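In what follows, a structure is listed as structure tokens, so that the remarks can point back to it.
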Amino acid sequence: METTSVKTNEPLHVFWSQDYVLESDVETRRKSGPLAALLKSGEIANIELVEPAPITRTELLAIHESQYIDELTTKDENLARSIFASTGGVRDAVDAMFEFGKSGSLSSGLHHARPDGEYGLCYLNGLALAALRAIQIHQIGNIGVLDLDAHCGGGTFTMLGENPNVTLADVSCNSFDSWLPNSNRHYLEVISDGREYLGAVKRSLAHLKNVDALIYNAGMDPFEDDGMGGMKGITREVLAERERLVAQWCEDHQKPAMFVLAGGYCGSKLDIDGLARMHLMTIKEFARIQINSPRND
Ligand SMILES: [Zn+2]
């Protein structure tokens with residue numbers, strides 16, 4: 001049966017709870033607090049901030065070894081609360097993406113995590129969990145993972161690289177945690193000049209043309225004033241254009257899409273509120289676009 005395509009103005013569902021925030025920790029587990037405050041103040045129209053349920057041990061067994069999960073649970077109660085809450089938000093964002101067409105979670109610290117341990121500030125690989133959920137629960141035949149963090153997503157490759165239902169695209173400006181593409185489903189570009197960045201982003205989107213839905217790791221650490229990953233020439237304006245390009249691509253091709261925050265660190269010229277405003281650019285673009293809800297097909 002043909003259905004008339006009606007443009008609905010769905011609010012953008014953004015998952016977050018106070019439990020994500022671990023004040024004593026690095027920006028990875030701190031910055032969602034000021035970012036949520038900006039969203040609550042109405043900085044961007046048509047946002048629905050939703051509290052997720054924490055991820056469960058059983059759900060984590062899809063991506064992590066049981067011994068590692070048990071160690072995390074017993075070693076540091078506060079860290080466990082934060083990462084279980086923010087990984088629950090990634091899971092709920094997957095379901096919301098397929099219900100509403102687009103979604104996001106203010107989660108960070110994902111793409112370096114390995115099945116048996118933490119790596120590069122990442123404990124639980126929510127990107128791998130999200131991709132597997134899209135395939136197993138939502139019957140997606142080709143799920144895309146776009147990783148635009150400054151660093152490479154070697155943990156995600158370890159977990160998903162062999163999966164024939166996953167297309168990986170990774171553009172980085174730092175070779176930390178780099179990986180070797182070994183299939184035409186894989187795209188990795190590590191740039192060495194900020195002027196190459198937006199061109200590389202466009203090539204990574206072209207690589208994703210056949211995916212059925214997109215999981216976007218929207219790192220802000222390529223920013224030239226970032227304290228950890230930044231590259232000269234990747235300005236605020238370049239990253240605003242990057243977010244416009246990615247979101248517009250999702251709208252133009254009507255790909256259900258979700259984002260997570262990924263990297264982004266304070267530096268001598270970037271405080272935590274400035275950092276939150278960098279991540280706000282992703283949310284602004286996702287709020288703007290209209291993707292028809294797959295449930296209306
Ligand atoms: Zn990074």
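Ordering of the structure tokens sets the chain letters (A, B, ...), residue numbers begin anew at 1 in every chain, and ligands are numbered from 1 in the order given.
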
Using only C-alpha atoms and all ligand atoms, which protein or nucleic acid residues are at most 8 Å from ligand 1, as a list in words?
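Every residue with an atom at most 8 Å from ligand 1 is listed here: Asp149, Ala150, His151, Cys152, Gly219, Met220, Asp221, Pro222, Met228, Gly229, Ala262, Gly263 and Gly264 of chain A.
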
Selection file, N, CA and C atoms, as a PDB file, in the first residue's frame:
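The resulting file, result_18.pdb, is shown below:
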```pdb
ATOM      1  N   ASP A 149      35.393  11.258  15.482  1.00  0.00           N
ATOM      2  CA  ASP A 149      36.258  11.635  16.598  1.00  0.00           C
ATOM      3  C   ASP A 149      37.665  11.903  16.033  1.00  0.00           C
ATOM      4  N   ALA A 150      38.465  12.690  16.750  1.00  0.00           N
ATOM      5  CA  ALA A 150      39.829  12.983  16.281  1.00  0.00           C
ATOM      6  C   ALA A 150      40.673  11.721  16.172  1.00  0.00           C
ATOM      7  N   HIS A 151      40.354  10.742  17.039  1.00  0.00           N
ATOM      8  CA  HIS A 151      41.155   9.517  17.099  1.00  0.00           C
ATOM      9  C   HIS A 151      40.420   8.383  16.375  1.00  0.00           C
ATOM     10  N   CYS A 152      41.139   7.345  16.021  1.00  0.00           N
ATOM     11  CA  CYS A 152      40.528   6.238  15.269  1.00  0.00           C
ATOM     12  C   CYS A 152      39.749   5.313  16.207  1.00  0.00           C
ATOM     13  N   GLY A 219      32.575  13.265  17.577  1.00  0.00           N
ATOM     14  CA  GLY A 219      33.630  13.859  18.400  1.00  0.00           C
ATOM     15  C   GLY A 219      33.910  15.304  18.026  1.00  0.00           C
ATOM     16  N   MET A 220      34.191  16.106  19.038  1.00  0.00           N
ATOM     17  CA  MET A 220      34.578  17.504  18.805  1.00  0.00           C
ATOM     18  C   MET A 220      36.074  17.702  19.047  1.00  0.00           C
ATOM     19  N   ASP A 221      36.795  16.613  19.304  1.00  0.00           N
ATOM     20  CA  ASP A 221      38.234  16.772  19.566  1.00  0.00           C
ATOM     21  C   ASP A 221      39.097  17.059  18.334  1.00  0.00           C
ATOM     22  N   PRO A 222      38.564  17.002  17.086  1.00  0.00           N
ATOM     23  CA  PRO A 222      39.387  17.533  15.986  1.00  0.00           C
ATOM     24  C   PRO A 222      39.577  19.057  16.066  1.00  0.00           C
ATOM     25  N   MET A 228      43.233  17.795  23.505  1.00  0.00           N
ATOM     26  CA  MET A 228      43.827  16.474  23.289  1.00  0.00           C
ATOM     27  C   MET A 228      44.055  16.079  21.830  1.00  0.00           C
ATOM     28  N   GLY A 229      43.094  16.343  20.981  1.00  0.00           N
ATOM     29  CA  GLY A 229      43.236  15.794  19.627  1.00  0.00           C
ATOM     30  C   GLY A 229      43.343  16.825  18.532  1.00  0.00           C
ATOM     31  N   ALA A 262      31.069  11.433  21.822  1.00  0.00           N
ATOM     32  CA  ALA A 262      32.476  11.072  21.632  1.00  0.00           C
ATOM     33  C   ALA A 262      33.424  12.103  22.254  1.00  0.00           C
ATOM     34  N   GLY A 263      34.649  12.229  21.681  1.00  0.00           N
ATOM     35  CA  GLY A 263      35.693  13.038  22.305  1.00  0.00           C
ATOM     36  C   GLY A 263      35.432  14.530  22.249  1.00  0.00           C
ATOM     37  N   GLY A 264      36.237  15.250  23.013  1.00  0.00           N
ATOM     38  CA  GLY A 264      36.125  16.693  23.143  1.00  0.00           C
ATOM     39  C   GLY A 264      36.663  17.041  24.520  1.00  0.00           C
TER      40      GLY A 264
END
```

Near-Ser82 (chain A) list (7 Å; only C-alpha atoms; drop same-chain fewer than 2 positions) as a PyMOL selection string
chain A and resi 19-22+78-80+84-86

Atoms to include: all heavy atoms. Write the selected residues as a compact mmCIF listing (two decimals), in the first residue's frame.
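Final output, out.txt:
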```txt
# COMPACT_ATOMS: atom_id res chain seq x y z
N ASP A 19 22.85 10.71 36.16
CA ASP A 19 23.79 9.62 36.45
C ASP A 19 24.94 9.54 35.44
O ASP A 19 25.98 8.94 35.72
CB ASP A 19 23.07 8.27 36.48
CG ASP A 19 22.31 8.05 37.78
OD1 ASP A 19 22.56 8.81 38.75
OD2 ASP A 19 21.47 7.13 37.84
N TYR A 20 24.77 10.11 34.24
CA TYR A 20 25.88 10.12 33.28
C TYR A 20 27.10 10.85 33.86
O TYR A 20 28.23 10.56 33.52
CB TYR A 20 25.52 10.91 32.00
CG TYR A 20 24.65 10.27 30.96
CD1 TYR A 20 23.69 9.33 31.26
CD2 TYR A 20 24.77 10.68 29.62
CE1 TYR A 20 22.87 8.79 30.26
CE2 TYR A 20 23.97 10.15 28.62
CZ TYR A 20 23.02 9.21 28.94
OH TYR A 20 22.23 8.71 27.95
N VAL A 21 26.80 11.87 34.70
CA VAL A 21 27.83 12.84 35.09
C VAL A 21 28.65 12.33 36.26
O VAL A 21 28.12 11.96 37.30
CB VAL A 21 27.18 14.19 35.46
CG1 VAL A 21 28.24 15.21 35.84
CG2 VAL A 21 26.32 14.69 34.30
N LEU A 22 29.97 12.31 36.06
CA LEU A 22 30.90 11.96 37.11
C LEU A 22 31.86 13.14 37.23
O LEU A 22 32.84 13.26 36.48
CB LEU A 22 31.63 10.66 36.72
CG LEU A 22 32.47 9.98 37.78
CD1 LEU A 22 31.67 9.69 39.03
CD2 LEU A 22 33.06 8.69 37.22
N ASN A 78 30.87 4.45 41.48
CA ASN A 78 30.47 5.70 40.83
C ASN A 78 30.75 5.67 39.32
O ASN A 78 29.93 6.11 38.52
CB ASN A 78 31.20 6.89 41.46
CG ASN A 78 30.72 7.13 42.87
OD1 ASN A 78 29.54 6.95 43.18
ND2 ASN A 78 31.63 7.49 43.77
N LEU A 79 31.90 5.13 38.96
CA LEU A 79 32.22 4.99 37.54
C LEU A 79 31.20 4.06 36.88
O LEU A 79 30.68 4.34 35.80
CB LEU A 79 33.63 4.43 37.36
CG LEU A 79 34.02 4.13 35.91
CD1 LEU A 79 34.14 5.41 35.10
CD2 LEU A 79 35.32 3.33 35.84
N ALA A 80 30.89 2.95 37.54
CA ALA A 80 29.95 1.98 36.99
C ALA A 80 28.59 2.63 36.77
O ALA A 80 27.96 2.45 35.72
CB ALA A 80 29.82 0.76 37.90
N PHE A 84 27.18 2.78 32.98
CA PHE A 84 25.99 1.95 32.74
C PHE A 84 24.81 2.84 32.34
O PHE A 84 24.01 2.48 31.48
CB PHE A 84 25.65 1.10 33.97
CG PHE A 84 26.48 -0.16 34.09
CD1 PHE A 84 27.86 -0.10 34.11
CD2 PHE A 84 25.88 -1.41 34.18
CE1 PHE A 84 28.65 -1.25 34.21
CE2 PHE A 84 26.66 -2.57 34.27
CZ PHE A 84 28.04 -2.49 34.29
N ALA A 85 24.72 4.02 32.95
CA ALA A 85 23.65 4.96 32.59
C ALA A 85 23.84 5.45 31.16
O ALA A 85 22.91 5.44 30.34
CB ALA A 85 23.63 6.15 33.55
N SER A 86 25.07 5.87 30.82
CA SER A 86 25.28 6.47 29.49
C SER A 86 25.23 5.42 28.38
O SER A 86 24.87 5.73 27.25
CB SER A 86 26.58 7.27 29.45
OG SER A 86 27.69 6.44 29.58
```

Set the distance at 10 Å and use only C-alpha atoms: which residues neighbour Ala96 (chain A) once local chain neighbours fewer than 5 positions away are removed? I'd like the list as a PDB file with C-alpha atoms, in the first residue's frame.
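Heads up, here's the output in selection24.pdb:
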```
ATOM      1  CA  LEU A  12      14.622  15.231  18.625  1.00  0.00           C
ATOM      2  CA  HIS A  13      14.780  12.683  21.450  1.00  0.00           C
ATOM      3  CA  VAL A  14      18.016  13.201  23.385  1.00  0.00           C
ATOM      4  CA  PHE A  15      18.840  10.693  26.113  1.00  0.00           C
ATOM      5  CA  VAL A  90      22.900   4.674  23.641  1.00  0.00           C
ATOM      6  CA  ARG A  91      20.635   1.608  23.631  1.00  0.00           C
ATOM      7  CA  GLY A 101      13.762   8.793  12.498  1.00  0.00           C
ATOM      8  CA  LYS A 102      16.449  10.543  14.556  1.00  0.00           C
ATOM      9  CA  SER A 103      17.760  10.594  18.119  1.00  0.00           C
ATOM     10  CA  GLY A 104      20.868  11.056  20.216  1.00  0.00           C
ATOM     11  CA  PRO A 256      17.386   7.056  10.271  1.00  0.00           C
ATOM     12  CA  ALA A 257      20.249   8.450  12.341  1.00  0.00           C
ATOM     13  CA  MET A 258      21.465   8.806  15.913  1.00  0.00           C
ATOM     14  CA  SER A 293       9.847   7.908  10.840  1.00  0.00           C
TER      15      SER A 293
END
```

Could you tell me how far CA of Ser108 (chain A) lies from CA of Asp70 (chain A), in Å and to one decimal?
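CA of Asp70 (chain A) lies at a distance of 20.9 Å from CA of Ser108 (chain A).
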
Residues at most 12 Å from Phe98 (chain A), counting only C-alpha atoms, excluding those fewer than 3 positions away in the same chain, as a count of residues only?
35

Restricting the calculation to only C-alpha atoms, which member of A:Val190, A:Leu208, A:Leu132, A:Met278 is positioned closest to Tyr265 (chain A)?
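That would be A:Met278, the residue with the smallest distance to Tyr265 (chain A).
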
Nearest to Val238 (chain A): which of A:Arg195, A:Lys31, A:His112, A:Lys284 is it, counting only C-alpha atoms?
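Using only C-alpha atoms, the shortest distance to Val238 (chain A) belongs to A:Arg195.
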
Skipping near chain neighbours, those fewer than 6 positions away, what residues fall within 6 Å of Asn125 (chain A) using only C-alpha atoms, listed as a list in words?
Leu110, His111 and Ala113 of chain A

Can those selected residues be exported to a file as a JSON list (two decimals), in the first residue's frame so that it contains N, CA and C atoms?
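Result went into selection_23.json, see below:
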```
[["chain", "number", "residue", "atom", "x", "y", "z"],
["A", 110, "LEU", "N", 33.46, 5.61, 24.12],
["A", 110, "LEU", "CA", 32.90, 4.41, 23.51],
["A", 110, "LEU", "C", 33.91, 3.67, 22.62],
["A", 111, "HIS", "N", 34.43, 4.36, 21.62],
["A", 111, "HIS", "CA", 35.01, 3.65, 20.46],
["A", 111, "HIS", "C", 36.36, 2.97, 20.65],
["A", 113, "ALA", "N", 37.01, 1.16, 23.52],
["A", 113, "ALA", "CA", 36.80, 0.04, 24.46],
["A", 113, "ALA", "C", 36.89, -1.30, 23.74]]
```

Measuring atom to atom with only C-alpha atoms, identify which of A:Asp226, A:Asp252, A:Glu43, A:Glu59 is nearest to Leu280 (chain A).
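Among the listed residues, A:Glu43 lies closest to Leu280 (chain A).
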
Apply DSSP to the backbone of this structure and, from region 169-260 of chain A, keep only the residues in strand (DSSP E); write these as an MDAnalysis selection string.
chainID A and resid 169:172 186:190 213:217 257:260

Skip Glu118 (chain A) itself and residues of its chain fewer than 4 positions away, then list as a ChimeraX atom specification all residues within 12 Å of it, counting only C-alpha atoms.
/A:64-65,68-69,71-72,83,109-114,122-125,155

So that I have them on file, write out the residues from the current selection with all heavy atoms, as a compact mmCIF listing (two decimals), in the first residue's frame.
```txt
# COMPACT_ATOMS: atom_id res chain seq x y z
N HIS A 64 30.93 -7.35 25.65
CA HIS A 64 32.06 -7.44 26.59
C HIS A 64 32.11 -8.78 27.30
O HIS A 64 31.09 -9.44 27.49
CB HIS A 64 31.97 -6.31 27.63
CG HIS A 64 32.28 -4.96 27.06
ND1 HIS A 64 33.53 -4.60 26.62
CD2 HIS A 64 31.48 -3.90 26.81
CE1 HIS A 64 33.50 -3.37 26.14
NE2 HIS A 64 32.27 -2.91 26.24
N GLU A 65 33.32 -9.15 27.72
CA GLU A 65 33.51 -10.40 28.45
C GLU A 65 32.97 -10.27 29.87
O GLU A 65 33.09 -9.22 30.49
CB GLU A 65 34.99 -10.77 28.45
CG GLU A 65 35.45 -11.16 27.05
CD GLU A 65 36.94 -11.41 26.94
OE1 GLU A 65 37.62 -11.48 27.99
OE2 GLU A 65 37.43 -11.51 25.80
N TYR A 68 35.21 -8.96 32.72
CA TYR A 68 35.46 -7.51 32.66
C TYR A 68 34.25 -6.73 33.18
O TYR A 68 34.41 -5.78 33.95
CB TYR A 68 35.79 -7.11 31.22
CG TYR A 68 35.87 -5.62 30.99
CD1 TYR A 68 36.71 -4.82 31.77
CD2 TYR A 68 35.11 -5.01 30.00
CE1 TYR A 68 36.77 -3.45 31.56
CE2 TYR A 68 35.18 -3.65 29.78
CZ TYR A 68 36.01 -2.87 30.57
OH TYR A 68 36.07 -1.52 30.36
N ILE A 69 33.05 -7.15 32.81
CA ILE A 69 31.84 -6.46 33.29
C ILE A 69 31.77 -6.56 34.81
O ILE A 69 31.48 -5.58 35.50
CB ILE A 69 30.57 -7.08 32.66
CG1 ILE A 69 30.63 -7.00 31.13
CG2 ILE A 69 29.31 -6.38 33.18
CD1 ILE A 69 29.56 -7.81 30.42
N GLU A 71 34.25 -6.96 36.93
CA GLU A 71 35.30 -6.11 37.51
C GLU A 71 34.83 -4.66 37.58
O GLU A 71 35.02 -3.98 38.59
CB GLU A 71 36.57 -6.17 36.64
CG GLU A 71 37.47 -7.35 36.93
CD GLU A 71 38.53 -7.51 35.83
OE1 GLU A 71 38.81 -6.53 35.10
OE2 GLU A 71 39.05 -8.62 35.71
N LEU A 72 34.21 -4.21 36.49
CA LEU A 72 33.74 -2.82 36.44
C LEU A 72 32.70 -2.57 37.53
O LEU A 72 32.71 -1.53 38.18
CB LEU A 72 33.08 -2.53 35.08
CG LEU A 72 34.01 -2.23 33.92
CD1 LEU A 72 33.19 -2.08 32.64
CD2 LEU A 72 34.80 -0.95 34.17
N ILE A 83 28.86 4.92 33.57
CA ILE A 83 28.98 4.27 32.25
C ILE A 83 27.80 3.35 31.95
O ILE A 83 27.43 3.18 30.79
CB ILE A 83 30.34 3.55 32.08
CG1 ILE A 83 30.54 2.47 33.14
CG2 ILE A 83 31.47 4.56 32.11
CD1 ILE A 83 31.91 1.77 33.03
N GLY A 109 32.94 8.19 25.40
CA GLY A 109 33.82 7.15 25.95
C GLY A 109 33.44 5.79 25.44
O GLY A 109 33.12 4.89 26.22
N LEU A 110 33.46 5.61 24.12
CA LEU A 110 32.90 4.41 23.51
C LEU A 110 33.91 3.67 22.62
O LEU A 110 34.19 2.50 22.83
CB LEU A 110 31.65 4.80 22.69
CG LEU A 110 30.63 5.74 23.37
CD1 LEU A 110 29.67 6.32 22.35
CD2 LEU A 110 29.87 5.02 24.45
N HIS A 111 34.43 4.36 21.62
CA HIS A 111 35.01 3.65 20.46
C HIS A 111 36.36 2.97 20.65
O HIS A 111 36.78 2.21 19.79
CB HIS A 111 35.06 4.58 19.23
CG HIS A 111 36.01 5.72 19.32
ND1 HIS A 111 36.50 6.36 18.21
CD2 HIS A 111 36.56 6.36 20.40
CE1 HIS A 111 37.30 7.35 18.57
NE2 HIS A 111 37.35 7.37 19.89
N HIS A 112 37.06 3.25 21.75
CA HIS A 112 38.33 2.53 21.98
C HIS A 112 38.13 1.27 22.83
O HIS A 112 39.03 0.43 22.89
CB HIS A 112 39.35 3.43 22.69
CG HIS A 112 39.67 4.70 21.97
ND1 HIS A 112 40.02 4.73 20.63
CD2 HIS A 112 39.69 6.00 22.39
CE1 HIS A 112 40.24 5.99 20.26
NE2 HIS A 112 40.05 6.78 21.31
N ALA A 113 37.01 1.16 23.52
CA ALA A 113 36.80 0.04 24.46
C ALA A 113 36.89 -1.30 23.74
O ALA A 113 36.39 -1.46 22.62
CB ALA A 113 35.45 0.18 25.15
N ARG A 114 37.56 -2.25 24.37
CA ARG A 114 37.75 -3.60 23.84
C ARG A 114 36.82 -4.58 24.56
O ARG A 114 36.32 -4.27 25.63
CB ARG A 114 39.20 -4.04 24.06
CG ARG A 114 40.24 -3.15 23.37
CD ARG A 114 40.06 -3.21 21.87
NE ARG A 114 41.22 -2.74 21.10
CZ ARG A 114 41.39 -1.48 20.67
NH1 ARG A 114 40.55 -0.53 21.00
NH2 ARG A 114 42.43 -1.17 19.91
N CYS A 122 37.82 4.92 27.27
CA CYS A 122 36.55 4.29 26.91
C CYS A 122 36.41 2.95 27.63
O CYS A 122 37.29 2.10 27.56
CB CYS A 122 36.48 4.04 25.41
SG CYS A 122 36.62 5.55 24.41
N TYR A 123 35.29 2.77 28.31
CA TYR A 123 35.05 1.54 29.08
C TYR A 123 34.09 0.58 28.39
O TYR A 123 34.31 -0.63 28.39
CB TYR A 123 34.51 1.87 30.47
CG TYR A 123 35.55 2.47 31.38
CD1 TYR A 123 35.76 3.86 31.40
CD2 TYR A 123 36.34 1.68 32.20
CE1 TYR A 123 36.73 4.43 32.22
CE2 TYR A 123 37.31 2.23 33.02
CZ TYR A 123 37.50 3.61 33.03
OH TYR A 123 38.46 4.16 33.84
N LEU A 124 32.99 1.10 27.88
CA LEU A 124 31.96 0.25 27.27
C LEU A 124 31.75 0.74 25.84
O LEU A 124 31.54 1.93 25.61
CB LEU A 124 30.65 0.34 28.06
CG LEU A 124 30.72 -0.12 29.53
CD1 LEU A 124 29.39 0.15 30.23
CD2 LEU A 124 31.08 -1.61 29.63
N ASN A 125 31.79 -0.18 24.89
CA ASN A 125 31.68 0.26 23.49
C ASN A 125 30.22 0.33 23.05
O ASN A 125 29.68 -0.58 22.42
CB ASN A 125 32.50 -0.62 22.55
CG ASN A 125 32.72 0.07 21.22
OD1 ASN A 125 31.81 0.74 20.70
ND2 ASN A 125 33.91 -0.03 20.67
N GLY A 155 38.64 0.06 18.69
CA GLY A 155 37.81 -0.85 19.49
C GLY A 155 36.56 -1.27 18.73
O GLY A 155 36.18 -2.45 18.72
```
